[in-house]
file input_15.csv (CSV, C-alpha atoms and all ligand atoms)
chain,number,residue,atom,x,y,z
M,408,MET,CA,13.0,2.4,-39.0
M,409,GLU,CA,16.7,1.5,-38.8
M,410,LYS,CA,17.4,5.0,-37.5
M,411,PHE,CA,14.7,4.6,-34.9
M,412,ILE,CA,16.3,1.3,-33.8
M,413,ALA,CA,19.7,2.8,-33.6
M,414,ILE,CA,18.5,5.7,-31.5
M,415,ALA,CA,16.6,3.3,-29.3
M,416,VAL,CA,19.7,1.1,-28.8
M,417,MET,CA,21.8,4.2,-28.0
M,418,ALA,CA,19.2,5.4,-25.5
M,419,PHE,CA,19.0,2.0,-23.9
M,420,ALA,CA,22.8,1.8,-23.6
M,421,ALA,CA,22.9,5.3,-22.2
M,422,GLY,CA,20.3,4.4,-19.7
M,423,ILE,CA,22.3,1.4,-18.5
M,424,LEU,CA,25.5,3.5,-18.3
M,425,SER,CA,23.8,6.4,-16.5
M,426,ALA,CA,22.2,4.1,-14.0
M,427,ALA,CA,25.5,2.3,-13.4
M,428,ALA,CA,27.2,5.7,-13.0
M,429,GLY,CA,24.5,6.8,-10.6
M,430,GLU,CA,23.0,9.5,-12.7
M,431,PHE,CA,20.6,10.7,-10.0
M,432,LYS,CA,21.8,11.9,-6.7
M,433,SER,CA,18.6,13.3,-5.1
M,434,PHE,CA,14.9,12.9,-4.9
M,435,LYS,CA,12.7,15.4,-6.8
M,436,PRO,CA,9.2,14.7,-5.4
M,437,GLY,CA,6.3,14.8,-7.9
M,438,GLN,CA,8.6,14.9,-11.0
M,439,ILE,CA,9.1,12.3,-13.7
M,440,MET,CA,11.3,9.6,-12.2
M,441,PRO,CA,13.3,7.9,-15.0
M,442,ASP,CA,14.5,4.3,-14.7
M,443,ASN,CA,17.7,3.0,-16.2
M,444,ASN,CA,16.1,3.1,-19.7
M,445,GLY,CA,15.0,6.7,-19.2
M,446,VAL,CA,11.4,5.6,-18.8
M,447,HIS,CA,9.2,7.0,-16.0
M,448,ILE,CA,9.0,4.4,-13.2
M,449,ASN,CA,5.7,2.4,-13.5
M,450,ALA,CA,5.1,1.1,-10.0
M,451,HIS,CA,2.2,2.8,-8.4
M,452,GLY,CA,0.7,2.1,-5.0
M,453,GLY,CA,4.1,0.6,-4.4
M,454,GLY,CA,5.9,-1.3,-1.7
M,455,PHE,CA,9.6,-1.7,-1.0
M,456,LEU,CA,11.8,-4.6,0.1
M,457,HIS,CA,15.4,-4.4,1.2
M,458,LYS,CA,17.3,-7.6,0.7
M,459,ASP,CA,21.1,-8.3,0.5
M,460,GLY,CA,21.9,-4.6,0.0
M,461,VAL,CA,19.4,-4.1,-2.7
M,462,TYR,CA,16.0,-2.2,-2.6
M,463,TYR,CA,13.2,-3.6,-4.6
M,464,TRP,CA,10.2,-1.5,-5.6
M,465,PHE,CA,7.0,-3.3,-6.5
M,466,GLY,CA,4.0,-1.5,-7.8
M,467,GLU,CA,1.0,-1.4,-10.1
M,468,HIS,CA,1.9,-1.2,-13.8
M,469,LYS,CA,-0.5,1.4,-15.2
M,470,THR,CA,-1.2,2.0,-18.9
M,471,GLU,CA,-2.3,5.1,-20.7
M,472,GLY,CA,-5.7,6.7,-20.3
M,473,ALA,CA,-8.4,6.2,-17.7
M,474,GLY,CA,-8.6,2.5,-18.5
M,475,GLY,CA,-5.0,2.3,-17.4
M,476,ASN,CA,-6.0,2.0,-13.8
M,477,LEU,CA,-7.2,-1.6,-14.5
M,478,ALA,CA,-4.5,-4.3,-14.3
M,479,ASN,CA,-3.6,-4.7,-18.0
M,480,VAL,CA,-0.1,-5.9,-17.3
M,481,GLY,CA,0.6,-6.8,-13.7
M,482,VAL,CA,3.1,-5.9,-10.9
M,483,HIS,CA,6.2,-4.1,-12.1
M,484,CYS,CA,9.5,-4.5,-10.2
M,485,TYR,CA,12.6,-2.2,-10.1
M,486,SER,CA,15.8,-2.5,-8.1
M,487,SER,CA,18.2,0.0,-6.7
M,488,THR,CA,21.2,0.2,-4.3
M,489,ASP,CA,20.8,3.9,-3.5
M,490,LEU,CA,17.1,4.7,-3.8
M,491,TYR,CA,17.7,7.3,-6.5
M,492,ASN,CA,18.7,5.1,-9.5
M,493,TRP,CA,16.2,2.3,-10.4
M,494,LYS,CA,16.8,-0.6,-12.8
M,495,ASP,CA,13.8,-2.1,-14.6
M,496,GLU,CA,13.5,-5.7,-13.4
M,497,GLY,CA,10.4,-6.3,-15.5
M,498,ILE,CA,7.0,-7.7,-14.6
M,499,ALA,CA,7.2,-9.6,-11.3
M,500,LEU,CA,3.6,-10.9,-11.4
M,501,ALA,CA,1.8,-10.9,-14.8
M,502,VAL,CA,-1.9,-10.8,-15.2
M,503,SER,CA,-3.4,-13.8,-17.0
M,504,ASP,CA,-4.9,-14.3,-20.4
M,505,ASP,CA,-6.9,-17.2,-19.0
M,506,GLU,CA,-10.5,-16.1,-18.7
M,507,SER,CA,-10.9,-18.4,-15.7
M,508,SER,CA,-8.0,-16.8,-13.7
M,509,GLU,CA,-8.8,-14.6,-10.7
M,510,ILE,CA,-6.1,-12.3,-12.0
M,511,VAL,CA,-7.3,-12.2,-15.6
M,512,LYS,CA,-6.3,-9.1,-17.6
M,513,GLY,CA,-8.7,-6.3,-16.8
M,514,CYS,CA,-9.0,-7.1,-13.1
M,515,ILE,CA,-8.0,-4.5,-10.4
M,516,LEU,CA,-4.7,-5.3,-8.7
M,517,GLU,CA,-3.6,-2.7,-6.3
M,518,ARG,CA,-0.9,-1.8,-3.7
M,519,PRO,CA,1.3,-4.9,-4.0
M,520,LYS,CA,3.7,-5.4,-1.1
M,521,VAL,CA,6.5,-8.1,-0.8
M,522,ILE,CA,8.2,-9.5,2.3
M,523,TYR,CA,10.9,-12.1,2.5
M,524,ASN,CA,10.3,-15.2,4.6
M,525,ALA,CA,13.6,-16.5,6.1
M,526,LYS,CA,12.1,-19.9,7.2
M,527,THR,CA,10.9,-20.8,3.7
M,528,GLY,CA,13.3,-18.7,1.6
M,529,LYS,CA,10.3,-17.5,-0.3
M,530,TYR,CA,9.3,-14.0,-1.4
M,531,VAL,CA,5.7,-13.4,-0.4
M,532,MET,CA,3.6,-10.8,-2.3
M,533,TRP,CA,0.2,-9.7,-1.1
M,534,PHE,CA,-2.0,-7.2,-2.9
M,535,HIS,CA,-5.6,-5.9,-3.1
M,536,LEU,CA,-7.6,-7.7,-5.8
M,537,GLU,CA,-11.0,-6.9,-7.4
M,538,PHE,CA,-12.2,-9.4,-9.9
M,539,ARG,CA,-12.7,-8.2,-13.4
M,540,SER,CA,-16.2,-6.8,-13.8
M,541,ALA,CA,-18.6,-8.0,-16.5
M,542,ASP,CA,-19.0,-4.5,-18.0
M,543,GLY,CA,-15.3,-3.7,-17.8
M,544,LYS,CA,-15.9,-0.7,-15.4
M,545,PRO,CA,-14.0,-0.5,-12.1
M,546,ASN,CA,-15.9,-2.3,-9.4
M,547,TYR,CA,-14.6,-2.6,-5.9
M,548,THR,CA,-17.1,-5.0,-4.4
M,549,THR,CA,-14.7,-8.1,-4.4
M,550,ALA,CA,-12.6,-6.5,-1.7
M,551,ARG,CA,-10.1,-9.4,-1.3
M,552,CYS,CA,-6.4,-9.7,-0.5
M,553,ALA,CA,-4.5,-12.0,-2.8
M,554,LEU,CA,-1.2,-13.9,-2.6
M,555,ALA,CA,1.6,-14.7,-4.9
M,556,VAL,CA,5.0,-16.4,-4.1
M,557,ALA,CA,8.4,-16.4,-5.7
M,558,ASP,CA,11.9,-17.9,-5.2
M,559,LYS,CA,13.7,-14.7,-6.3
M,560,PRO,CA,12.9,-11.1,-5.2
M,561,ALA,CA,12.1,-9.8,-8.7
M,562,GLY,CA,10.0,-12.9,-9.5
M,563,PRO,CA,8.4,-14.4,-11.4
M,564,TYR,CA,5.7,-14.7,-8.8
M,565,ALA,CA,3.2,-17.6,-9.0
M,566,TYR,CA,-0.3,-16.6,-8.1
M,567,VAL,CA,-1.7,-18.6,-5.2
M,568,GLY,CA,-5.2,-17.3,-4.5
M,569,SER,CA,-7.3,-14.6,-2.8
M,570,PHE,CA,-8.9,-14.3,0.6
M,571,ARG,CA,-11.7,-12.7,2.6
M,572,PRO,CA,-10.1,-13.2,6.0
M,573,GLN,CA,-11.6,-14.2,9.4
M,574,LYS,CA,-15.0,-15.6,8.3
M,575,GLY,CA,-17.0,-16.6,11.4
M,576,ARG,CA,-14.4,-15.0,13.7
M,577,MET,CA,-14.6,-12.3,16.3
M,578,PRO,CA,-11.5,-10.1,16.8
M,579,THR,CA,-9.0,-11.4,19.3
M,580,ASP,CA,-7.3,-8.1,20.0
M,581,GLY,CA,-8.1,-4.5,19.6
M,582,GLU,CA,-9.1,-1.1,20.8
M,583,VAL,CA,-11.7,-1.6,23.4
M,584,ALA,CA,-11.8,2.1,24.2
M,585,ASP,CA,-11.4,3.5,20.7
M,586,CYS,CA,-13.2,0.9,18.6
M,587,ALA,CA,-16.9,0.9,18.5
M,588,SER,CA,-18.6,-2.1,19.9
M,589,ILE,CA,-19.9,-4.9,17.8
M,590,ASP,CA,-23.6,-5.2,17.9
M,591,LYS,CA,-24.3,-8.8,17.1
M,592,SER,CA,-28.0,-8.4,17.4
M,593,PHE,CA,-28.5,-7.5,13.7
M,594,ASP,CA,-30.8,-10.1,12.2
M,595,ASP,CA,-30.5,-11.2,8.6
M,596,ALA,CA,-33.6,-9.2,7.5
M,597,GLN,CA,-32.1,-6.1,9.0
M,598,ILE,CA,-28.9,-6.7,7.2
M,599,ASP,CA,-30.7,-7.2,3.9
M,600,LYS,CA,-32.6,-3.9,4.4
M,601,VAL,CA,-29.5,-1.9,5.1
M,602,LEU,CA,-27.8,-3.5,2.1
M,603,ALA,CA,-30.8,-2.7,-0.2
M,604,ASN,CA,-30.8,0.9,0.9
M,605,ASN,CA,-27.0,1.1,0.9
M,606,ASN,CA,-27.1,3.1,4.1
M,607,TYR,CA,-24.6,1.1,6.2
M,608,LYS,CA,-22.9,4.4,7.1
M,609,MET,CA,-26.0,5.3,9.2
M,610,LEU,CA,-25.2,2.3,11.3
M,611,LYS,CA,-21.6,3.4,12.0
M,612,GLY,CA,-20.4,2.5,15.4
M,613,ARG,CA,-22.3,-0.7,15.6
M,614,GLY,CA,-19.9,-2.8,13.5
M,615,PHE,CA,-22.6,-3.5,10.9
M,616,ALA,CA,-20.3,-4.3,8.0
M,617,PHE,CA,-18.1,-6.4,10.4
M,618,VAL,CA,-21.0,-8.5,11.5
M,619,ARG,CA,-22.4,-8.8,8.0
M,620,ASP,CA,-19.0,-10.2,6.7
M,621,MET,CA,-18.3,-12.3,9.8
M,622,ARG,CA,-21.6,-14.1,9.0
M,623,GLY,CA,-21.2,-13.9,5.3
M,624,LYS,CA,-18.1,-13.8,3.0
M,625,GLY,CA,-15.4,-13.0,5.5
M,626,GLN,CA,-13.9,-9.6,6.1
M,627,MET,CA,-13.3,-7.0,3.3
M,628,ALA,CA,-9.7,-6.3,2.4
M,629,ARG,CA,-9.0,-3.3,0.2
M,630,ASP,CA,-6.1,-0.8,0.5
M,631,MET,CA,-3.4,-2.8,2.3
M,632,THR,CA,0.2,-3.0,3.5
M,633,LEU,CA,2.4,-5.5,5.1
M,634,PHE,CA,4.6,-5.1,8.1
M,635,VAL,CA,7.2,-7.4,9.5
M,636,ASP,CA,8.0,-6.9,13.2
M,637,ASP,CA,11.4,-7.4,14.9
M,638,ASP,CA,10.3,-10.9,16.0
M,639,ALA,CA,9.7,-11.9,12.4
M,640,LYS,CA,5.9,-12.0,12.8
M,641,ALA,CA,4.2,-10.4,9.8
M,642,TYR,CA,0.9,-8.6,9.6
M,643,LEU,CA,-1.5,-7.6,6.8
M,644,ILE,CA,-3.1,-4.3,7.5
M,645,CYS,CA,-6.1,-3.3,5.4
M,646,SER,CA,-9.1,-1.1,5.0
M,647,SER,CA,-12.1,-3.2,5.8
M,648,GLU,CA,-15.8,-2.9,6.7
M,649,GLU,CA,-16.6,-0.7,3.7
M,650,ASN,CA,-13.4,1.2,4.5
M,651,ALA,CA,-14.7,2.4,7.9
M,652,THR,CA,-12.2,0.4,9.9
M,653,LEU,CA,-8.6,-0.8,9.6
M,654,GLN,CA,-8.1,-4.4,10.4
M,655,ILE,CA,-4.7,-5.9,11.4
M,656,HIS,CA,-4.3,-9.6,10.7
M,657,GLU,CA,-1.4,-11.7,11.9
M,658,LEU,CA,0.0,-13.9,9.2
M,659,THR,CA,1.2,-17.5,9.7
M,660,ASP,CA,4.9,-18.3,10.0
M,661,ASP,CA,5.3,-18.7,6.3
M,662,TYR,CA,3.5,-15.4,5.7
M,663,GLN,CA,1.1,-17.2,3.3
M,664,ASN,CA,-2.1,-17.4,5.5
M,665,PHE,CA,-3.9,-15.9,8.5
M,666,THR,CA,-3.5,-17.2,12.0
M,667,GLY,CA,-6.9,-16.0,13.1
M,668,ARG,CA,-5.5,-13.4,15.4
M,669,PHE,CA,-6.7,-10.0,14.4
M,670,ALA,CA,-7.9,-6.6,15.5
M,671,ARG,CA,-10.3,-3.9,14.3
M,672,VAL,CA,-8.6,-0.5,14.8
M,673,ARG,CA,-9.7,3.2,14.4
M,674,CYS,CA,-13.3,2.2,13.7
M,675,SER,CA,-15.3,4.9,11.8
M,676,ASP,CA,-12.1,6.8,11.0
M,677,TRP,CA,-12.4,5.8,7.3
M,678,ASN,CA,-8.8,5.2,6.7
M,679,GLU,CA,-7.2,4.1,3.4
M,680,ALA,CA,-3.6,3.8,2.2
M,681,PRO,CA,-2.0,2.4,5.4
M,682,ALA,CA,1.8,2.5,5.7
M,683,VAL,CA,3.3,1.2,9.0
M,684,PHE,CA,6.8,1.4,10.4
M,685,LYS,CA,8.5,1.0,13.8
M,686,LYS,CA,10.9,3.3,15.6
M,687,GLY,CA,12.2,3.1,19.2
M,688,GLY,CA,9.8,0.3,20.1
M,689,LYS,CA,6.7,2.3,18.9
M,690,TYR,CA,4.5,1.5,15.9
M,691,TYR,CA,3.6,4.4,13.6
M,692,LEU,CA,1.0,4.5,10.9
M,693,PHE,CA,0.3,6.9,8.0
M,694,ALA,CA,-3.1,6.7,6.3
M,695,SER,CA,-5.5,8.8,4.2
M,696,PHE,CA,-9.2,9.5,4.2
M,697,CYS,CA,-11.3,7.9,1.5
M,698,THR,CA,-11.8,10.1,-1.5
M,699,GLY,CA,-10.8,7.8,-4.3
M,700,TRP,CA,-8.0,9.1,-6.6
M,701,ALA,CA,-8.5,12.7,-5.3
M,702,PRO,CA,-6.0,13.6,-2.6
M,703,ASN,CA,-7.1,14.4,1.0
M,704,SER,CA,-5.5,15.2,4.4
M,705,ALA,CA,-3.1,12.5,5.7
M,706,ARG,CA,-3.6,11.0,9.1
M,707,SER,CA,-0.9,9.7,11.5
M,708,TYR,CA,-1.1,7.4,14.5
M,709,VAL,CA,1.1,5.8,17.1
M,710,SER,CA,0.8,2.7,19.2
M,711,ASP,CA,2.7,0.6,21.7
M,712,SER,CA,1.3,-2.6,20.1
M,713,ILE,CA,0.6,-3.5,16.5
M,714,TYR,CA,-3.0,-4.3,17.6
M,715,GLY,CA,-3.5,-0.8,19.1
M,716,PRO,CA,-4.9,1.2,20.7
M,717,TRP,CA,-3.6,3.6,17.9
M,718,LYS,CA,-3.6,7.2,19.2
M,719,SER,CA,-4.1,9.9,16.6
M,720,LEU,CA,-1.1,12.2,16.0
M,721,GLY,CA,-3.2,14.3,13.6
M,722,ASN,CA,-2.3,15.5,10.1
M,723,PRO,CA,1.5,15.1,9.7
M,724,VAL,CA,1.8,17.7,7.0
M,725,GLU,CA,3.3,21.1,7.9
M,726,GLY,CA,3.0,23.6,5.1
M,727,THR,CA,0.4,25.7,3.2
M,728,PRO,CA,-3.3,25.1,3.8
M,729,GLU,CA,-3.4,23.5,0.4
M,730,GLN,CA,-0.5,21.2,1.2
M,731,MET,CA,-2.2,20.2,4.4
M,732,ARG,CA,-5.5,19.6,2.7
M,733,THR,CA,-4.1,17.5,-0.1
M,734,THR,CA,-0.9,15.9,1.4
M,735,PHE,CA,1.1,17.7,-1.4
M,736,GLY,CA,-1.4,16.1,-3.9
M,737,GLY,CA,-0.4,12.6,-2.7
M,738,GLN,CA,-1.7,9.5,-0.9
M,739,SER,CA,0.5,7.4,1.3
M,740,THR,CA,1.7,4.0,0.1
M,741,TYR,CA,4.8,3.0,2.1
M,742,VAL,CA,7.4,4.1,4.5
M,743,ILE,CA,11.0,2.9,3.6
M,744,PRO,CA,13.4,2.4,6.5
M,745,VAL,CA,16.7,3.6,5.1
M,746,ALA,CA,19.3,0.8,5.5
M,747,GLY,CA,22.3,1.7,7.5
M,748,LYS,CA,20.9,4.9,8.9
M,749,LYS,CA,19.4,5.1,12.3
M,750,ASP,CA,15.8,6.4,12.6
M,751,ALA,CA,15.8,7.4,8.9
M,752,PHE,CA,12.4,6.8,7.2
M,753,ILE,CA,11.1,7.9,3.8
M,754,PHE,CA,7.4,8.6,3.4
M,755,VAL,CA,6.4,7.5,-0.1
M,756,ALA,CA,3.1,8.6,-1.7
M,757,ASP,CA,1.4,8.4,-5.0
M,758,SER,CA,0.2,11.5,-6.8
M,759,TRP,CA,-2.4,9.8,-9.0
M,760,ARG,CA,-3.3,10.9,-12.5
M,761,PRO,CA,-6.6,9.0,-12.9
M,762,LYS,CA,-7.2,10.3,-16.4
M,763,ASN,CA,-3.8,9.1,-17.6
M,764,ALA,CA,-2.9,6.5,-15.1
M,765,ILE,CA,0.6,5.9,-16.4
M,766,ASP,CA,1.6,9.5,-15.6
M,767,GLY,CA,1.1,9.1,-11.9
M,768,ARG,CA,3.9,10.6,-9.9
M,769,TYR,CA,5.8,9.6,-6.7
M,770,ILE,CA,6.4,11.7,-3.7
M,771,PHE,CA,9.4,10.7,-1.5
M,772,LEU,CA,9.8,12.9,1.6
M,773,PRO,CA,11.8,12.4,4.8
M,774,VAL,CA,9.8,11.7,8.0
M,775,GLU,CA,10.6,14.1,10.8
M,776,PHE,CA,9.9,13.4,14.5
M,777,GLU,CA,9.0,16.5,16.5
M,778,ASP,CA,7.6,16.3,20.1
M,779,GLY,CA,6.3,12.8,19.5
M,780,ARG,CA,4.6,13.8,16.3
M,781,LEU,CA,5.3,12.7,12.7
M,782,VAL,CA,6.0,15.7,10.4
M,783,LEU,CA,6.2,15.9,6.6
M,784,ARG,CA,7.4,19.0,4.9
M,785,TRP,CA,7.6,19.6,1.1
M,786,ARG,CA,11.0,19.7,-0.5
M,787,ASP,CA,11.6,20.3,-4.2
M,788,GLU,CA,14.8,18.4,-4.0
M,789,TRP,CA,16.6,16.5,-1.2
M,790,ASP,CA,18.9,13.6,-0.6
M,791,LEU,CA,19.8,11.0,2.1
M,792,SER,CA,22.4,13.3,3.7
M,793,PHE,CA,19.3,14.9,5.3
M,794,PHE,CA,19.3,12.1,7.8
M,795,ASP,CA,23.0,12.8,8.8
M,796,LYS,CA,22.1,16.2,10.3
X,801,LIG,C1,-8.2,5.1,-3.5
X,801,LIG,C2,-7.3,4.0,-3.1
X,801,LIG,C3,-6.6,3.5,-4.3
X,801,LIG,C4,-7.6,3.1,-5.3
X,801,LIG,C5,-8.6,4.2,-5.6
X,801,LIG,C6,-9.7,3.9,-6.5
X,801,LIG,O1,-8.9,5.6,-2.4
X,801,LIG,O2,-6.4,4.4,-2.1
X,801,LIG,O3,-5.7,2.4,-4.0
X,801,LIG,O4,-8.3,2.0,-4.9
X,801,LIG,O5,-9.1,4.7,-4.4
X,801,LIG,O6,-10.6,4.9,-6.7

call {"tool": "encode", "arguments": {"input": "input_15.csv", "output": "structure tokens", "more": "lines below"}}
Ligand code: GAL
result
Amino acid sequence: MEKFIAIAVMAFAAGILSAAAGEFKSFKPGQIMPDNNGVHINAHGGGFLHKDGVYYWFGEHKTEGAGGNLANVGVHCYSSTDLYNWKDEGIALAVSDDESSEIVKGCILERPKVIYNAKTGKYVMWFHLEFRSADGKPNYTTARCALAVADKPAGPYAYVGSFRPQKGRMPTDGEVADCASIDKSFDDAQIDKVLANNNYKMLKGRGFAFVRDMRGKGQMARDMTLFVDDDAKAYLICSSEENATLQIHELTDDYQNFTGRFARVRCSDWNEAPAVFKKGGKYYLFASFCTGWAPNSARSYVSDSIYGPWKSLGNPVEGTPEQMRTTFGGQSTYVIPVAGKKDAFIFVADSWRPKNAIDGRYIFLPVEFEDGRLVLRWRDEWDLSFFDK
């Protein structure tokens, strides 16, 4: 036992020293990514914040086995000054042991993202929440976005509550040409019938799920991201309407609520895993198709306005047919703007391991811009000097 402790202490010290010495000098997509303690980073479906020269990485803390996809621990945070070497900052938002809490242990807590609000000085975390199901099996019918707030970037975050946005509201902005019209003529009996048969997909193009949730619980919010624009306005972008449509919701000035201004975009494209960034006055979006943990072909879009119309730029992956079909085995989660480098963006994806969730890998790749398109190419190893070329 003593020997074990001695080894653990040495390993711990070595981890701190190596992180301080900047042990890692490159990205190795898809490989084990050790933190300062030599432990594979546990921050899946992650989001990144850059504040005062430090990058913070927030993500889902997974545990071993298939049950490890449930939120048994919470949101894990890491910090780095170079994006290669990450220090474990601990659990930023912990799940609760209180059975009455919305974030009780065993719920589903996915894709946490954090933004800093300069007006309030608060760090604002949003994530996708599914209430714990009675039988303990994953159940995605809650479809809410949830909020937690902290005074320091690494937390601790205090849970505020969860939302189904825009109940009773029609979209204020959006893609008139692209987005299917909203057929408000559904009557309640028709909605019940569609729900009973679970065949809402047959009604695609008529905004069925939109109308159902406008009248009912408010809009669904599953896979999500946050984006802060140059004018400090922030948006929550999420898969909605049974995942058929992305919705873009403007947040209030404190980033802790919805203003009511929102758009439905890329209706019937079935997008998940949205990741938004801005370059040269244009908005870019990576997303995936909906196939659960299994990888599929990435999508990319461009728009002059956050509310669209978002024009498809196709599959950004250039590589083998297999790489194009599976996005290198990954699913987008965030695009990191590299601080201090112009037009330097890193595409970050998860390579999920649903049978042993804790073993999920991360894929960091540079975003290339070619003829107005976004391009991603596989690299076994690369570093930030890529952007100096
Ligand atoms: C994916 C989604 C993940 C997770 C998973 C569950 O499509 O992007 O965040 O929700 O489904 O199967």

call {"tool": "residues_near_ligand", "arguments": {"input": "input_15.csv", "ligand": "ligand LIG 801 (chain X)", "cutoff": "10 Å", "atoms": "only C-alpha atoms and all ligand atoms", "output": "PyMOL selection string"}}
result
chain M and resi 451-453+467+476+515-518+535-537+545-547+629-631+646+650+678-681+694-703+738-740+757+759+761

call {"tool": "atom_distance", "arguments": {"input": "input_15.csv", "atom1": "atom CA of M:Ala557", "atom2": "atom CA of M:Phe684"}}
result
24.1 Å

call {"tool": "residues_around", "arguments": {"input": "input_15.csv", "residues": "stretch 460-462 of chain M", "least_positions_apart": "6", "cutoff": "8 Å", "atoms": "only C-alpha atoms", "output": "VMD selection string"}}
result
chain M and resid 486 to 490

call {"tool": "residues_around", "arguments": {"input": "input_15.csv", "residues": "M:Lys640", "least_positions_apart": "6", "cutoff": "8 Å", "atoms": "all atoms listed in the file", "output": "list of chain:residue names"}}
result
M:Glu657, M:Leu658, M:Thr659, M:Asp660

call {"tool": "write_last_selection", "arguments": {"input": "input_15.csv", "atoms": "C-alpha atoms", "output": "PDB file, in the frame of the given file"}}
result
ATOM      1  CA  GLU M 657      -1.400 -11.700  11.900  1.00  0.00           C
ATOM      2  CA  LEU M 658       0.000 -13.900   9.200  1.00  0.00           C
ATOM      3  CA  THR M 659       1.200 -17.500   9.700  1.00  0.00           C
ATOM      4  CA  ASP M 660       4.900 -18.300  10.000  1.00  0.00           C
TER       5      ASP M 660
END

call {"tool": "atom_distance", "arguments": {"input": "input_15.csv", "atom1": "atom CA of M:Val482", "atom2": "atom CA of M:Val502"}}
result
8.2 Å

call {"tool": "atom_distance", "arguments": {"input": "input_15.csv", "atom1": "atom CA of M:Ala561", "atom2": "atom CA of M:Ser503"}}
result
18.0 Å

call {"tool": "residues_near_point", "arguments": {"input": "input_15.csv", "point": "(11.5, -5.5, 1.9)", "cutoff": "12 Å", "atoms": "all atoms listed in the file", "output": "JSON list (two decimals) with C-alpha atoms, in the coordinates of the input"}}
result
[["chain", "number", "residue", "atom", "x", "y", "z"],
["M", 453, "GLY", "CA", 4.10, 0.60, -4.40],
["M", 454, "GLY", "CA", 5.90, -1.30, -1.70],
["M", 455, "PHE", "CA", 9.60, -1.70, -1.00],
["M", 456, "LEU", "CA", 11.80, -4.60, 0.10],
["M", 457, "HIS", "CA", 15.40, -4.40, 1.20],
["M", 458, "LYS", "CA", 17.30, -7.60, 0.70],
["M", 459, "ASP", "CA", 21.10, -8.30, 0.50],
["M", 460, "GLY", "CA", 21.90, -4.60, 0.00],
["M", 461, "VAL", "CA", 19.40, -4.10, -2.70],
["M", 462, "TYR", "CA", 16.00, -2.20, -2.60],
["M", 463, "TYR", "CA", 13.20, -3.60, -4.60],
["M", 464, "TRP", "CA", 10.20, -1.50, -5.60],
["M", 465, "PHE", "CA", 7.00, -3.30, -6.50],
["M", 486, "SER", "CA", 15.80, -2.50, -8.10],
["M", 519, "PRO", "CA", 1.30, -4.90, -4.00],
["M", 520, "LYS", "CA", 3.70, -5.40, -1.10],
["M", 521, "VAL", "CA", 6.50, -8.10, -0.80],
["M", 522, "ILE", "CA", 8.20, -9.50, 2.30],
["M", 523, "TYR", "CA", 10.90, -12.10, 2.50],
["M", 524, "ASN", "CA", 10.30, -15.20, 4.60],
["M", 525, "ALA", "CA", 13.60, -16.50, 6.10],
["M", 530, "TYR", "CA", 9.30, -14.00, -1.40],
["M", 531, "VAL", "CA", 5.70, -13.40, -0.40],
["M", 532, "MET", "CA", 3.60, -10.80, -2.30],
["M", 560, "PRO", "CA", 12.90, -11.10, -5.20],
["M", 561, "ALA", "CA", 12.10, -9.80, -8.70],
["M", 632, "THR", "CA", 0.20, -3.00, 3.50],
["M", 633, "LEU", "CA", 2.40, -5.50, 5.10],
["M", 634, "PHE", "CA", 4.60, -5.10, 8.10],
["M", 635, "VAL", "CA", 7.20, -7.40, 9.50],
["M", 636, "ASP", "CA", 8.00, -6.90, 13.20],
["M", 641, "ALA", "CA", 4.20, -10.40, 9.80],
["M", 684, "PHE", "CA", 6.80, 1.40, 10.40],
["M", 741, "TYR", "CA", 4.80, 3.00, 2.10],
["M", 742, "VAL", "CA", 7.40, 4.10, 4.50],
["M", 743, "ILE", "CA", 11.00, 2.90, 3.60],
["M", 744, "PRO", "CA", 13.40, 2.40, 6.50],
["M", 745, "VAL", "CA", 16.70, 3.60, 5.10],
["M", 746, "ALA", "CA", 19.30, 0.80, 5.50]]

call {"tool": "closest_residue", "arguments": {"input": "input_15.csv", "among": "M:Lys512, M:Lys529, M:Lys762, M:Lys748", "to": "M:Phe794", "atoms": "all atoms listed in the file"}}
result
M:Lys748

call {"tool": "residues_around", "arguments": {"input": "input_15.csv", "residues": "M:Glu648", "least_positions_apart": "4", "cutoff": "10 Å", "atoms": "only C-alpha atoms", "output": "compact mmCIF listing (two decimals) with C-alpha atoms, in the coordinates of the input"}}
result
# COMPACT_ATOMS: atom_id res chain seq x y z
CA ALA M 550 -12.60 -6.50 -1.70
CA TYR M 607 -24.60 1.10 6.20
CA GLY M 614 -19.90 -2.80 13.50
CA PHE M 615 -22.60 -3.50 10.90
CA ALA M 616 -20.30 -4.30 8.00
CA PHE M 617 -18.10 -6.40 10.40
CA VAL M 618 -21.00 -8.50 11.50
CA ARG M 619 -22.40 -8.80 8.00
CA ASP M 620 -19.00 -10.20 6.70
CA GLN M 626 -13.90 -9.60 6.10
CA MET M 627 -13.30 -7.00 3.30
CA ALA M 628 -9.70 -6.30 2.40
CA ARG M 629 -9.00 -3.30 0.20
CA THR M 652 -12.20 0.40 9.90
CA LEU M 653 -8.60 -0.80 9.60
CA GLN M 654 -8.10 -4.40 10.40
CA ARG M 671 -10.30 -3.90 14.30
CA CYS M 674 -13.30 2.20 13.70
CA SER M 675 -15.30 4.90 11.80
CA TRP M 677 -12.40 5.80 7.30

call {"tool": "closest_residue", "arguments": {"input": "input_15.csv", "among": "M:Leu791, M:Cys552, M:Val511, M:Ile498", "to": "M:Asn449", "atoms": "only C-alpha atoms"}}
result
M:Ile498

call {"tool": "residues_around", "arguments": {"input": "input_15.csv", "residues": "M:Glu506", "least_positions_apart": "5", "cutoff": "12 Å", "atoms": "only C-alpha atoms", "output": "list in words"}}
result
Val511, Lys512, Gly513, Cys514, Phe538, Arg539, Ser540 and Ala541 of chain M
